[in-house]
$ cat query37.txt   # compact mmCIF, C-alpha atoms
# COMPACT_ATOMS: atom_id res chain seq x y z
CA GLN S 18 11.09 0.59 -20.19
CA VAL S 19 9.05 -2.08 -18.50
CA GLN S 20 5.32 -2.38 -18.03
CA LEU S 21 3.93 -4.15 -14.98
CA ALA S 22 0.55 -5.74 -14.34
CA GLU S 23 -0.46 -7.19 -10.99
CA SER S 24 -3.05 -9.90 -10.45
CA GLY S 25 -4.21 -12.28 -7.77
CA GLY S 26 -5.71 -9.91 -5.25
CA GLY S 27 -9.05 -10.54 -3.61
CA LEU S 28 -10.88 -11.19 -0.39
CA VAL S 29 -9.40 -13.71 2.03
CA GLN S 30 -10.11 -14.64 5.63
CA ALA S 31 -7.55 -14.00 8.33
CA GLY S 32 -5.13 -16.89 8.54
CA GLY S 33 -5.59 -17.74 4.89
CA SER S 34 -3.28 -17.47 1.91
CA LEU S 35 -3.10 -15.54 -1.32
CA ARG S 36 -0.56 -15.38 -4.13
CA LEU S 37 0.00 -12.17 -6.03
CA SER S 38 1.60 -12.13 -9.46
CA CYS S 39 3.23 -9.32 -11.38
CA ALA S 40 3.75 -9.84 -15.09
CA ALA S 41 6.37 -7.68 -16.76
CA SER S 42 6.77 -6.77 -20.40
CA GLY S 43 9.81 -5.20 -21.96
CA ARG S 44 13.36 -6.46 -22.14
CA ALA S 45 16.07 -7.74 -19.83
CA PHE S 46 13.76 -8.57 -16.93
CA SER S 47 16.64 -10.07 -14.98
CA SER S 48 18.32 -6.63 -14.94
CA TYR S 49 15.56 -5.29 -12.72
CA ALA S 50 15.21 -5.61 -9.00
CA MET S 51 11.53 -6.12 -8.27
CA ALA S 52 9.56 -5.08 -5.22
CA TRP S 53 6.14 -5.16 -3.68
CA PHE S 54 4.75 -2.14 -1.87
CA ARG S 55 1.33 -1.66 -0.32
CA GLN S 56 -0.91 1.23 0.57
CA ALA S 57 -3.78 1.04 3.02
CA PRO S 58 -6.56 3.66 3.06
CA GLY S 59 -5.36 6.88 4.64
CA LYS S 60 -1.79 5.65 4.93
CA GLU S 61 1.41 6.17 3.00
CA ARG S 62 2.72 3.57 0.60
CA GLU S 63 5.02 1.17 2.44
CA PHE S 64 7.66 -1.34 1.43
CA VAL S 65 6.75 -5.02 1.71
CA SER S 66 9.46 -7.06 0.00
CA ALA S 67 11.98 -7.01 -2.81
CA ILE S 68 14.12 -9.41 -4.80
CA SER S 69 17.31 -8.92 -6.79
CA GLY S 70 17.49 -9.44 -10.53
CA SER S 71 18.99 -12.89 -10.21
CA GLY S 72 16.61 -13.84 -7.42
CA GLY S 73 19.56 -14.53 -5.14
CA LYS S 74 18.79 -11.83 -2.60
CA THR S 75 15.51 -10.99 -0.93
CA VAL S 76 14.48 -8.50 1.73
CA TYR S 77 11.31 -8.16 3.77
CA GLU S 78 9.59 -5.62 5.94
CA ASP S 79 9.59 -6.87 9.53
CA SER S 80 5.84 -7.33 9.85
CA VAL S 81 5.71 -9.82 6.95
CA LYS S 82 8.86 -11.82 7.67
CA GLY S 83 8.06 -15.48 8.02
CA ARG S 84 4.61 -15.02 6.46
CA PHE S 85 5.27 -13.64 2.96
CA THR S 86 7.66 -15.01 0.36
CA ILE S 87 8.82 -13.17 -2.75
CA SER S 88 10.07 -15.07 -5.78
CA ARG S 89 10.59 -14.55 -9.47
CA ASP S 90 10.65 -16.51 -12.69
CA ASN S 91 12.93 -14.69 -15.09
CA ALA S 92 12.00 -16.95 -17.98
CA GLU S 93 8.34 -15.98 -17.52
CA TYR S 94 9.03 -12.32 -16.67
CA THR S 95 6.97 -12.68 -13.51
CA VAL S 96 7.44 -11.92 -9.84
CA TYR S 97 5.28 -13.42 -7.11
CA LEU S 98 4.32 -12.64 -3.55
CA GLN S 99 3.07 -15.63 -1.61
CA MET S 100 1.09 -14.36 1.36
CA ASN S 101 0.43 -16.85 4.16
CA SER S 102 -1.17 -16.39 7.60
CA VAL S 103 -2.62 -13.10 6.44
CA LYS S 104 -3.94 -10.60 8.96
CA PRO S 105 -6.54 -7.83 8.68
CA GLU S 106 -3.70 -5.31 8.83
CA ASP S 107 -2.41 -6.71 5.55
CA THR S 108 -5.43 -5.17 3.83
CA ALA S 109 -4.16 -2.72 1.20
CA VAL S 110 -3.62 -2.13 -2.46
CA TYR S 111 -0.47 -4.00 -3.41
CA PHE S 112 1.82 -2.53 -6.06
CA CYS S 113 4.58 -4.15 -8.04
CA ALA S 114 7.63 -2.00 -8.87
CA ALA S 115 10.81 -2.36 -10.91
CA ASP S 116 14.24 -0.80 -10.55
CA TYR S 117 16.92 -1.17 -13.23
CA ASN S 118 19.67 -2.50 -11.00
CA LEU S 119 22.62 -4.64 -11.99
CA ASN S 120 23.89 -4.74 -8.42
CA ASP S 121 22.75 -8.02 -6.95
CA TYR S 122 23.87 -7.05 -3.45
CA TYR S 123 21.80 -3.92 -2.87
CA ILE S 124 18.03 -3.75 -3.11
CA GLY S 125 16.17 -0.53 -2.47
CA ARG S 126 13.40 -0.30 0.13
CA ASP S 127 12.25 3.20 -0.72
CA SER S 128 9.61 3.88 -3.34
CA ALA S 129 11.92 6.51 -4.82
CA ASP S 130 14.34 3.72 -5.78
CA TYR S 131 11.81 2.31 -8.25
CA ASP S 132 11.07 3.81 -11.64
CA PHE S 133 8.28 1.61 -12.94
CA TRP S 134 5.02 0.74 -11.23
CA GLY S 135 1.94 -1.34 -11.84
CA GLN S 136 -1.63 -0.22 -11.24
CA GLY S 137 -2.06 -2.25 -8.08
CA THR S 138 -4.28 -5.07 -6.90
CA GLN S 139 -6.60 -4.93 -3.89
CA VAL S 140 -6.09 -7.38 -1.04
CA THR S 141 -8.75 -7.45 1.65
CA VAL S 142 -8.38 -9.64 4.74
CA SER S 143 -11.51 -10.21 6.77
CA SER S 144 -11.34 -10.96 10.48

$ encode --input "query37.txt" --output "structure tokens"
Amino acid sequence: QVQLAESGGGLVQAGGSLRLSCAASGRAFSSYAMAWFRQAPGKEREFVSAISGSGGKTVYEDSVKGRFTISRDNAEYTVYLQMNSVKPEDTAVYFCAADYNLNDYYIGRDSADYDFWGQGTQVTVSS
């Protein structure tokens, strides 16, 4: 079991930056692949980015490549999402998710791959 708590959301102007954090509690944090998903009003939850347990592999949704960076600190049980050059279309509730996954070569992009979820943090980008 792992519990997740996101923080760092807020209001930011287009072109600005924001860093989201997800603090995990439980055990064996490095055994979990971690991901960020987002959900805009009236839309389905969508994949944003994910990172393997070791941090050696990362994947991104095409619209955030080159702008967002996912990272993790296994000693601190925390995963981050650095969001640069944000756009109004990035406005959404951002969720952190964890998947018990010892395979460092495969990272799921589907919400069904992830068993544990945080409550979400709101990101609003003004134009």

$ residues_around --input "query37.txt" --residues "range 28-42 of chain S" --least-positions-apart "5" --cutoff "10 Å" --atoms "only C-alpha atoms" --output "PyMOL selection string"
chain S and resi 18-23+51-53+84-91+93-108+111-115+135+137-144

$ write_last_selection --input "query37.txt" --atoms "C-alpha atoms" --output "CSV table (one decimal), in the frame of the given file"
chain,number,residue,atom,x,y,z
S,18,GLN,CA,11.1,0.6,-20.2
S,19,VAL,CA,9.0,-2.1,-18.5
S,20,GLN,CA,5.3,-2.4,-18.0
S,21,LEU,CA,3.9,-4.2,-15.0
S,22,ALA,CA,0.6,-5.7,-14.3
S,23,GLU,CA,-0.5,-7.2,-11.0
S,51,MET,CA,11.5,-6.1,-8.3
S,52,ALA,CA,9.6,-5.1,-5.2
S,53,TRP,CA,6.1,-5.2,-3.7
S,84,ARG,CA,4.6,-15.0,6.5
S,85,PHE,CA,5.3,-13.6,3.0
S,86,THR,CA,7.7,-15.0,0.4
S,87,ILE,CA,8.8,-13.2,-2.8
S,88,SER,CA,10.1,-15.1,-5.8
S,89,ARG,CA,10.6,-14.6,-9.5
S,90,ASP,CA,10.6,-16.5,-12.7
S,91,ASN,CA,12.9,-14.7,-15.1
S,93,GLU,CA,8.3,-16.0,-17.5
S,94,TYR,CA,9.0,-12.3,-16.7
S,95,THR,CA,7.0,-12.7,-13.5
S,96,VAL,CA,7.4,-11.9,-9.8
S,97,TYR,CA,5.3,-13.4,-7.1
S,98,LEU,CA,4.3,-12.6,-3.6
S,99,GLN,CA,3.1,-15.6,-1.6
S,100,MET,CA,1.1,-14.4,1.4
S,101,ASN,CA,0.4,-16.8,4.2
S,102,SER,CA,-1.2,-16.4,7.6
S,103,VAL,CA,-2.6,-13.1,6.4
S,104,LYS,CA,-3.9,-10.6,9.0
S,105,PRO,CA,-6.5,-7.8,8.7
S,106,GLU,CA,-3.7,-5.3,8.8
S,107,ASP,CA,-2.4,-6.7,5.6
S,108,THR,CA,-5.4,-5.2,3.8
S,111,TYR,CA,-0.5,-4.0,-3.4
S,112,PHE,CA,1.8,-2.5,-6.1
S,113,CYS,CA,4.6,-4.2,-8.0
S,114,ALA,CA,7.6,-2.0,-8.9
S,115,ALA,CA,10.8,-2.4,-10.9
S,135,GLY,CA,1.9,-1.3,-11.8
S,137,GLY,CA,-2.1,-2.2,-8.1
S,138,THR,CA,-4.3,-5.1,-6.9
S,139,GLN,CA,-6.6,-4.9,-3.9
S,140,VAL,CA,-6.1,-7.4,-1.0
S,141,THR,CA,-8.8,-7.4,1.6
S,142,VAL,CA,-8.4,-9.6,4.7
S,143,SER,CA,-11.5,-10.2,6.8
S,144,SER,CA,-11.3,-11.0,10.5

$ closest_residue --input "query37.txt" --among "S:Ser69, S:Gln56, S:Ser47, S:Thr75" --to "Asp121 in chain S" --atoms "all atoms listed in the file"
S:Ser69

$ atom_distance --input "query37.txt" --atom1 "CA of Arg44 in chain S" --atom2 "CA of Gly73 in chain S"
19.8 Å

$ residues_around --input "query37.txt" --residues "Glu63 in chain S" --least-positions-apart "4" --cutoff "9 Å" --atoms "all atoms listed in the file" --output "ChimeraX atom specification"
/S:53-57,78,126-128

$ atom_distance --input "query37.txt" --atom1 "CA of Ser24 in chain S" --atom2 "CA of Phe133 in chain S"
16.3 Å

$ atom_distance --input "query37.txt" --atom1 "CA of Gly26 in chain S" --atom2 "CA of Val65 in chain S"
15.1 Å

$ closest_residue --input "query37.txt" --among "S:Tyr122, S:Tyr49, S:Lys60, S:Gly43" --to "Lys74 in chain S" --atoms "all atoms listed in the file"
S:Tyr122

$ axis_aligned_box --input "query37.txt" --around "range 79-91 of chain S" --padding-each-side "4 Å" --output "AutoDock Vina command-line options"
--center_x 8.8 --center_y -11.7 --center_z -2.6 --size_x 16.3 --size_y 17.6 --size_z 32.9

$ closest_residue --input "query37.txt" --among "S:Gly59, S:Ala92, S:Lys82, S:Val76" --to "Tyr123 in chain S" --atoms "only C-alpha atoms"
S:Val76

$ decode --input "query37.txt" --residues "range 40-56 of chain S" --atoms "N, CA and C atoms" --output "short mmCIF file (atom, residue, chain, number, x, y, z; two decimals), in the first residue's frame"
data_model
loop_
_atom_site.label_atom_id
_atom_site.label_comp_id
_atom_site.auth_asym_id
_atom_site.auth_seq_id
_atom_site.Cartn_x
_atom_site.Cartn_y
_atom_site.Cartn_z
N ALA S 40 4.22 13.43 -2.67
CA ALA S 40 4.88 12.75 -1.57
C ALA S 40 4.20 11.41 -1.32
N ALA S 41 5.00 10.37 -1.22
CA ALA S 41 4.47 9.03 -1.00
C ALA S 41 4.79 8.55 0.40
N SER S 42 3.89 7.78 0.96
CA SER S 42 4.16 7.11 2.23
C SER S 42 3.89 5.64 2.04
N GLY S 43 4.57 4.82 2.79
CA GLY S 43 4.47 3.38 2.63
C GLY S 43 5.86 2.81 2.62
N ARG S 44 6.04 1.71 1.87
CA ARG S 44 7.35 1.09 1.82
C ARG S 44 7.79 0.85 0.39
N ALA S 45 9.07 0.68 0.21
CA ALA S 45 9.64 0.27 -1.07
C ALA S 45 9.23 1.19 -2.21
N PHE S 46 9.38 2.47 -2.01
CA PHE S 46 8.97 3.46 -3.02
C PHE S 46 9.63 3.19 -4.37
N SER S 47 10.86 2.72 -4.36
CA SER S 47 11.57 2.49 -5.61
C SER S 47 11.02 1.30 -6.39
N SER S 48 10.11 0.55 -5.81
CA SER S 48 9.46 -0.57 -6.49
C SER S 48 8.23 -0.12 -7.28
N TYR S 49 7.93 1.15 -7.22
CA TYR S 49 6.74 1.67 -7.88
C TYR S 49 7.12 2.58 -9.05
N ALA S 50 6.55 2.29 -10.21
CA ALA S 50 6.55 3.28 -11.27
C ALA S 50 5.57 4.38 -10.86
N MET S 51 5.92 5.61 -11.17
CA MET S 51 5.08 6.74 -10.78
C MET S 51 4.67 7.52 -12.02
N ALA S 52 3.48 8.05 -11.98
CA ALA S 52 2.96 8.76 -13.15
C ALA S 52 2.18 10.00 -12.73
N TRP S 53 2.07 10.89 -13.68
CA TRP S 53 1.18 12.05 -13.56
C TRP S 53 0.11 11.93 -14.64
N PHE S 54 -1.12 12.12 -14.22
CA PHE S 54 -2.25 12.22 -15.13
C PHE S 54 -2.92 13.57 -14.88
N ARG S 55 -3.77 13.98 -15.80
CA ARG S 55 -4.52 15.22 -15.59
C ARG S 55 -5.93 15.08 -16.15
N GLN S 56 -6.81 15.87 -15.58
CA GLN S 56 -8.19 15.85 -16.02
C GLN S 56 -8.73 17.28 -16.07
#
